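Content type mmCIF, C-alpha atoms (C1' of nucleotides), from the file work34.cif:
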```cif
data_target
#
loop_
_atom_site.label_atom_id
_atom_site.label_comp_id
_atom_site.auth_asym_id
_atom_site.auth_seq_id
_atom_site.Cartn_x
_atom_site.Cartn_y
_atom_site.Cartn_z
CA MET A 2 35.03 117.86 111.44
CA LYS A 3 35.23 118.35 107.73
CA GLN A 4 32.40 117.71 105.34
CA ILE A 5 32.81 114.59 103.26
CA ASN A 6 31.20 113.18 100.17
CA GLU A 7 28.36 110.66 100.33
CA ASN A 8 30.47 107.89 98.83
CA THR A 9 33.74 108.61 100.53
CA LEU A 10 33.05 106.32 103.48
CA TYR A 11 32.41 103.41 101.14
CA ASP A 12 35.79 104.02 99.56
CA VAL A 13 37.39 104.24 102.97
CA ALA A 14 35.91 100.88 103.89
CA GLU A 15 37.34 99.48 100.64
CA LEU A 16 40.72 100.89 101.56
CA PHE A 17 40.73 99.36 105.01
CA LYS A 18 39.65 96.03 103.57
CA ASN A 19 43.19 95.74 102.31
CA PHE A 20 44.51 95.80 105.83
CA SER A 21 41.82 93.64 107.38
CA ASP A 22 43.29 90.31 106.35
CA SER A 23 46.37 89.00 108.09
CA THR A 24 47.91 87.59 104.93
CA ARG A 25 47.64 90.89 103.13
CA ILE A 26 48.93 92.92 106.03
CA ARG A 27 51.84 90.55 106.49
CA ILE A 28 52.66 90.88 102.80
CA LEU A 29 52.59 94.66 103.03
CA TYR A 30 54.63 94.64 106.19
CA CYS A 31 57.39 92.53 104.70
CA LEU A 32 57.56 95.02 101.84
CA PHE A 33 58.27 97.82 104.30
CA GLU A 34 61.92 96.82 104.33
CA LYS A 35 62.48 96.28 100.62
CA GLU A 36 61.00 94.91 97.43
CA ARG A 37 60.58 91.14 97.26
CA SER A 38 59.64 88.50 94.71
CA VAL A 39 56.51 86.37 94.95
CA THR A 40 58.57 83.33 95.89
CA GLN A 41 60.41 85.23 98.59
CA ILE A 42 57.17 86.46 100.10
CA ALA A 43 55.70 82.97 100.01
CA GLU A 44 58.73 81.60 101.83
CA LEU A 45 58.72 84.35 104.41
CA LEU A 46 55.07 83.84 105.22
CA GLN A 47 55.23 80.07 104.85
CA MET A 48 52.34 80.02 102.43
CA ASN A 49 51.89 78.63 98.97
CA GLN A 50 52.74 80.67 95.93
CA SER A 51 49.23 80.79 94.54
CA ALA A 52 47.72 82.26 97.69
CA ILE A 53 50.32 85.01 97.70
CA SER A 54 49.84 85.69 94.04
CA HIS A 55 46.10 86.08 94.47
CA GLN A 56 46.54 88.51 97.33
CA LEU A 57 49.16 90.50 95.44
CA ARG A 58 46.70 90.96 92.64
CA PHE A 59 44.20 92.23 95.18
CA LEU A 60 46.73 94.72 96.54
CA LYS A 61 47.78 95.74 93.06
CA ASN A 62 44.19 96.51 92.07
CA SER A 63 43.99 98.72 95.12
CA LYS A 64 47.18 100.44 94.02
CA LEU A 65 48.95 99.63 97.24
CA VAL A 66 51.75 97.67 95.59
CA LYS A 67 53.50 97.91 92.28
CA ASN A 68 55.81 95.47 90.53
CA ARG A 69 58.66 95.26 88.10
CA ARG A 70 59.98 92.32 86.16
CA GLU A 71 63.62 91.28 86.21
CA GLY A 72 64.03 88.23 84.03
CA LYS A 73 61.81 85.48 85.35
CA THR A 74 61.35 87.21 88.64
CA ILE A 75 58.74 89.82 89.48
CA TYR A 76 59.52 92.12 92.36
CA TYR A 77 56.75 93.73 94.34
CA SER A 78 57.08 96.88 96.40
CA LEU A 79 54.85 99.37 98.13
CA ASP A 80 53.19 101.82 95.78
CA ASP A 81 51.69 104.23 98.25
CA ASP A 82 53.20 106.50 100.82
CA HIS A 83 50.16 106.17 103.00
CA VAL A 84 50.47 102.42 103.44
CA TYR A 85 53.41 102.76 105.75
CA ASN A 86 51.68 105.39 107.87
CA ILE A 87 48.35 103.61 108.09
CA ILE A 88 49.85 100.30 109.14
CA SER A 89 52.26 101.98 111.54
CA GLN A 90 49.36 103.69 113.22
CA GLY A 91 47.58 100.34 113.47
CA ILE A 92 50.63 98.77 115.07
CA GLU A 93 50.87 101.64 117.52
CA HIS A 94 47.25 101.16 118.45
CA VAL A 95 47.44 97.46 119.23
CA GLU A 96 50.73 97.70 121.05
CA GLU A 97 49.41 100.11 123.64
CA MET B 101 61.54 100.23 111.06
CA LYS B 102 60.85 98.98 114.52
CA GLN B 103 60.82 95.37 115.56
CA ILE B 104 57.36 93.97 116.19
CA ASN B 105 55.98 90.90 117.85
CA GLU B 106 55.01 87.79 115.91
CA ASN B 107 51.32 88.21 116.66
CA THR B 108 51.04 91.95 116.35
CA LEU B 109 50.15 91.89 112.68
CA TYR B 110 47.26 89.54 113.35
CA ASP B 111 45.94 92.00 115.90
CA VAL B 112 46.41 94.85 113.46
CA ALA B 113 44.35 92.95 110.89
CA GLU B 114 41.67 92.49 113.54
CA LEU B 115 41.73 96.19 114.25
CA PHE B 116 41.34 97.17 110.62
CA LYS B 117 38.51 94.70 110.22
CA ASN B 118 36.44 97.18 112.18
CA PHE B 119 36.91 99.76 109.49
CA SER B 120 36.60 97.44 106.53
CA ASP B 121 32.81 97.34 106.46
CA SER B 122 30.87 100.35 105.25
CA THR B 123 28.13 99.99 107.83
CA ARG B 124 30.61 99.98 110.69
CA ILE B 125 32.62 102.86 109.35
CA ARG B 126 29.47 104.89 108.77
CA ILE B 127 28.40 104.18 112.34
CA LEU B 128 31.75 105.30 113.67
CA TYR B 129 31.76 108.36 111.49
CA CYS B 130 28.36 109.54 112.68
CA LEU B 131 29.65 109.23 116.22
CA PHE B 132 32.45 111.67 115.43
CA GLU B 133 30.08 114.54 116.01
CA LYS B 134 28.34 113.35 119.16
CA GLU B 135 26.88 110.36 120.96
CA ARG B 136 23.76 108.84 119.43
CA SER B 137 21.17 106.23 120.29
CA VAL B 138 20.70 103.00 118.34
CA THR B 139 17.48 104.29 116.83
CA GLN B 140 19.08 107.55 115.79
CA ILE B 141 21.92 105.72 114.10
CA ALA B 142 19.50 103.40 112.33
CA GLU B 143 17.54 106.37 111.02
CA LEU B 144 20.64 108.22 109.92
CA LEU B 145 21.97 105.24 107.99
CA GLN B 146 18.53 104.14 106.82
CA MET B 147 19.05 100.64 108.12
CA ASN B 148 17.07 98.44 110.41
CA GLN B 149 17.66 98.50 114.11
CA SER B 150 18.84 94.93 114.41
CA ALA B 151 21.61 95.34 111.87
CA ILE B 152 22.90 98.40 113.70
CA SER B 153 22.67 96.67 117.04
CA HIS B 154 24.69 93.73 115.80
CA GLN B 155 27.40 95.98 114.44
CA LEU B 156 27.50 98.04 117.62
CA ARG B 157 28.15 94.89 119.58
CA PHE B 158 31.00 94.14 117.20
CA LEU B 159 32.47 97.60 117.73
CA LYS B 160 31.94 97.38 121.47
CA ASN B 161 33.83 94.10 121.68
CA SER B 162 36.69 95.80 119.87
CA LYS B 163 36.53 98.61 122.41
CA LEU B 164 35.98 101.23 119.75
CA VAL B 165 32.65 102.40 121.14
CA LYS B 166 31.19 102.63 124.62
CA ASN B 167 27.63 103.21 125.76
CA ARG B 168 25.57 104.61 128.56
CA ARG B 169 21.92 104.12 129.41
CA GLU B 170 19.51 106.98 129.92
CA GLY B 171 16.10 105.56 130.64
CA LYS B 172 15.03 103.37 127.75
CA THR B 173 17.64 104.82 125.49
CA ILE B 174 21.22 103.68 125.13
CA TYR B 175 23.68 106.20 123.80
CA TYR B 176 26.79 105.07 121.98
CA SER B 177 29.95 107.11 121.60
CA LEU B 178 33.52 106.61 120.50
CA ASP B 179 35.69 104.93 123.08
CA ASP B 180 39.07 105.32 121.51
CA ASP B 181 41.13 108.34 120.61
CA HIS B 182 42.73 106.50 117.74
CA VAL B 183 39.47 105.88 115.91
CA TYR B 184 39.20 109.46 114.83
CA ASN B 185 42.77 109.57 113.58
CA ILE B 186 42.68 106.26 111.76
CA ILE B 187 39.47 107.04 109.90
CA SER B 188 40.60 110.59 109.15
CA GLN B 189 43.75 109.24 107.61
CA GLY B 190 41.65 106.84 105.53
CA ILE B 191 39.48 109.69 104.32
CA GLU B 192 42.52 111.73 103.42
CA HIS B 193 43.88 108.82 101.42
CA VAL B 194 40.80 108.23 99.31
CA GLU B 195 40.15 111.91 98.71
CA GLU B 196 43.49 112.52 97.08
"C1'" DA C 94 -0.04 94.90 135.83
"C1'" DA C 95 -0.38 96.08 131.18
"C1'" DT C 96 1.25 98.60 127.35
"C1'" DA C 97 4.56 100.92 124.69
"C1'" DC C 98 9.09 101.91 123.55
"C1'" DA C 99 14.26 100.94 123.01
"C1'" DT C 100 17.63 97.67 122.46
"C1'" DA C 101 19.70 92.95 122.26
"C1'" DT C 102 19.96 88.37 120.67
"C1'" DG C 103 19.81 83.89 118.16
"C1'" DA C 104 18.77 81.35 114.06
"C1'" DA C 105 18.71 81.25 109.25
"C1'" DC C 106 20.20 82.62 104.91
"C1'" DA C 107 22.67 84.56 100.97
"C1'" DG C 108 26.67 86.36 99.40
"C1'" DA C 109 31.59 87.35 99.98
"C1'" DT C 110 36.22 85.77 100.93
"C1'" DG C 111 40.65 83.10 101.18
"C1'" DT C 112 42.92 78.98 100.07
"C1'" DT C 113 44.14 75.02 97.27
"C1'" DC C 114 44.73 72.48 93.10
"C1'" DA C 115 45.63 72.14 88.41
"C1'" DT C 116 47.25 74.42 84.75
"C1'" DA C 117 48.45 78.39 81.74
"C1'" DT C 118 51.66 82.09 80.59
"C1'" DG C 119 56.03 84.11 80.29
"C1'" DT C 120 61.14 84.07 80.61
"C1'" DT C 121 65.84 82.13 80.50
"C1'" DC C 122 69.30 79.09 79.20
"C1'" DA C 123 71.27 75.01 77.25
"C1'" DT D 193 63.29 74.05 70.61
"C1'" DG D 194 62.86 71.95 74.99
"C1'" DA D 195 63.42 71.98 79.91
"C1'" DA D 196 63.32 74.50 84.07
"C1'" DC D 197 61.93 78.20 86.73
"C1'" DA D 198 58.72 82.14 88.27
"C1'" DT D 199 54.34 83.89 88.34
"C1'" DA D 200 49.32 84.22 87.16
"C1'" DT D 201 44.82 82.46 86.74
"C1'" DG D 202 40.31 80.00 86.99
"C1'" DA D 203 37.46 76.69 89.23
"C1'" DA D 204 36.04 74.53 93.32
"C1'" DC D 205 35.40 74.50 98.05
"C1'" DA D 206 34.85 75.54 102.88
"C1'" DT D 207 34.46 79.18 105.92
"C1'" DC D 208 33.28 83.71 107.32
"C1'" DT D 209 30.29 87.77 107.34
"C1'" DG D 210 26.31 90.91 107.29
"C1'" DT D 211 21.49 91.23 107.17
"C1'" DT D 212 16.80 90.00 108.28
"C1'" DC D 213 13.20 88.05 110.98
"C1'" DA D 214 11.21 86.78 115.12
"C1'" DT D 215 11.44 87.35 119.66
"C1'" DA D 216 13.50 88.28 124.25
"C1'" DT D 217 15.03 91.64 127.66
"C1'" DG D 218 14.85 95.92 129.95
"C1'" DT D 219 12.74 100.45 131.15
"C1'" DA D 220 9.09 104.01 131.70
"C1'" DT D 221 4.32 105.32 131.96
"C1'" DT D 222 -0.47 104.80 132.78
#
```
Can the structure in the file be given as structure tokens, please?
Amino acid sequence: MKQINENTLYDVAELFKNFSDSTRIRILYCLFEKERSVTQIAELLQMNQSAISHQLRFLKNSKLVKNRREGKTIYYSLDDDHVYNIISQGIEHVEE
Amino acid sequence: MKQINENTLYDVAELFKNFSDSTRIRILYCLFEKERSVTQIAELLQMNQSAISHQLRFLKNSKLVKNRREGKTIYYSLDDDHVYNIISQGIEHVEE
DNA sequence: AATACATATGAACAGATGTTCATATGTTCA
DNA sequence: TGAACATATGAACATCTGTTCATATGTATT
């Protein structure tokens, strides 16, 4: 087992916090396929726009999603190669 | 991307909840090396026994740790092969 | 049986978290 | 410029979460 820094585990907990809420993980999962706008995500998840927007900010701060503007619309997409792998591993775990 | 069940993502969020708290992840991490008693864990993490005990129950319910009694002492150890991999991947992520 | 040790448990509390509502900001198009 | 659309934001609120304290349960030893 490799030696790790004192604070690393706190950062790891912060990282996993992103995946510990069903709204956030559903947002990330629906971005697996392709980028989507805030409105599209809200419709997909059947939740109101503000709730999605708040969670997207959370995910953006964690650098898990990025966005780009196209006119009035802002498209969000995954910003981290690890996201796919981490969630996939989680899915594998629970489906056993 | 594979097709997943409606409820799977909720379960995945539940799974990651285990790793989203620094106390729990530190407990799990110190069990990487070997099994440890509640008191040993409390000393290692410099936290009181009750807090550790509560979190161990949490982790036990999630089937991430198991325990065995030896006299007065109860030893906890990891109960899931995935735990090691999931946390390792988290560590890798934050150390980049 | 009484004491000491190890762990578990429930209640109480403070702080964190997620959602909603109202509204602000930013963009497009007429 | 004004209206319509898309998104962001702050405040308020209810709920959830993690810790502590006090105490209960379980085991070993004398």
### Query
Which residue gives the smallest distance to chain C among B:Ser162, B:Thr173, B:Ser120, B:Gln140, with all atoms listed in the file counted?
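Of the candidates, the smallest distance to chain C is held by B:Thr173.
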Please tabulate, as CSV, the residues of chain A that come within 8 Å of chain D, each with its closest pair of atoms and the distance in Å to one decimal, counting only C-alpha atoms (C1' of nucleotides) and ordering rows by chain, then residue number upward.
```
residue,atom,partner,partner_atom,distance
A:Val39,CA,D:DT199,C1',7.4
A:Thr40,CA,D:DA198,C1',7.7
A:Ser54,CA,D:DA200,C1',7.1
A:Lys73,CA,D:DA198,C1',5.4
A:Thr74,CA,D:DA198,C1',5.7
A:Ile75,CA,D:DT199,C1',7.5
```
### Task
Within 7 Å of stretch 24-31 of chain A, counting all atoms listed in the file, which residues show up once you throw out same-chain ones fewer than 2 positions away? Write them as number ranges by chain, please.
A: 19-20, 22, 33-34, 42, 56; B: 109, 113
### Task
Residues of chain C no more than 8 Å from chain A, counting all atoms listed in the file: send them over as a PyMOL selection string.
chain C and resi 111-112+119-121
### Query
Where does the PyMOL selection byres ((chain A and resi 76) around 6) land in this file, that is, which residues does it pick, as a list in words?
Glu36, Arg37, Ser38, Asn68, Arg69, Ile75 and Tyr77 of chain A
### Task
Would you mind telling me which residue in B:Glu143, B:Asp181, B:Asp111, B:Glu196 lies nearest to chain A when using all atoms listed in the file?
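Closest to chain A, using all atoms listed in the file: B:Asp111.
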Once the PyMOL selection byres ((chain A and resi 92) around 10) has been evaluated on this model, what residues remain selected, and can you format them as a PDB file with C-alpha atoms, in the frame of the given file?
```pdb
ATOM      1  CA  ASN A  86      51.680 105.390 107.870  1.00  0.00           C
ATOM      2  CA  ILE A  87      48.350 103.610 108.090  1.00  0.00           C
ATOM      3  CA  ILE A  88      49.850 100.300 109.140  1.00  0.00           C
ATOM      4  CA  SER A  89      52.260 101.980 111.540  1.00  0.00           C
ATOM      5  CA  GLN A  90      49.360 103.690 113.220  1.00  0.00           C
ATOM      6  CA  GLY A  91      47.580 100.340 113.470  1.00  0.00           C
ATOM      7  CA  GLU A  93      50.870 101.640 117.520  1.00  0.00           C
ATOM      8  CA  HIS A  94      47.250 101.160 118.450  1.00  0.00           C
ATOM      9  CA  VAL A  95      47.440  97.460 119.230  1.00  0.00           C
ATOM     10  CA  GLU A  96      50.730  97.700 121.050  1.00  0.00           C
ATOM     11  CA  GLU A  97      49.410 100.110 123.640  1.00  0.00           C
TER      12      GLU A  97
ATOM     13  CA  ILE B 104      57.360  93.970 116.190  1.00  0.00           C
ATOM     14  CA  ASN B 105      55.980  90.900 117.850  1.00  0.00           C
ATOM     15  CA  THR B 108      51.040  91.950 116.350  1.00  0.00           C
ATOM     16  CA  LEU B 109      50.150  91.890 112.680  1.00  0.00           C
ATOM     17  CA  TYR B 110      47.260  89.540 113.350  1.00  0.00           C
ATOM     18  CA  ASP B 111      45.940  92.000 115.900  1.00  0.00           C
ATOM     19  CA  VAL B 112      46.410  94.850 113.460  1.00  0.00           C
ATOM     20  CA  ALA B 113      44.350  92.950 110.890  1.00  0.00           C
ATOM     21  CA  LEU B 115      41.730  96.190 114.250  1.00  0.00           C
TER      22      LEU B 115
END
```
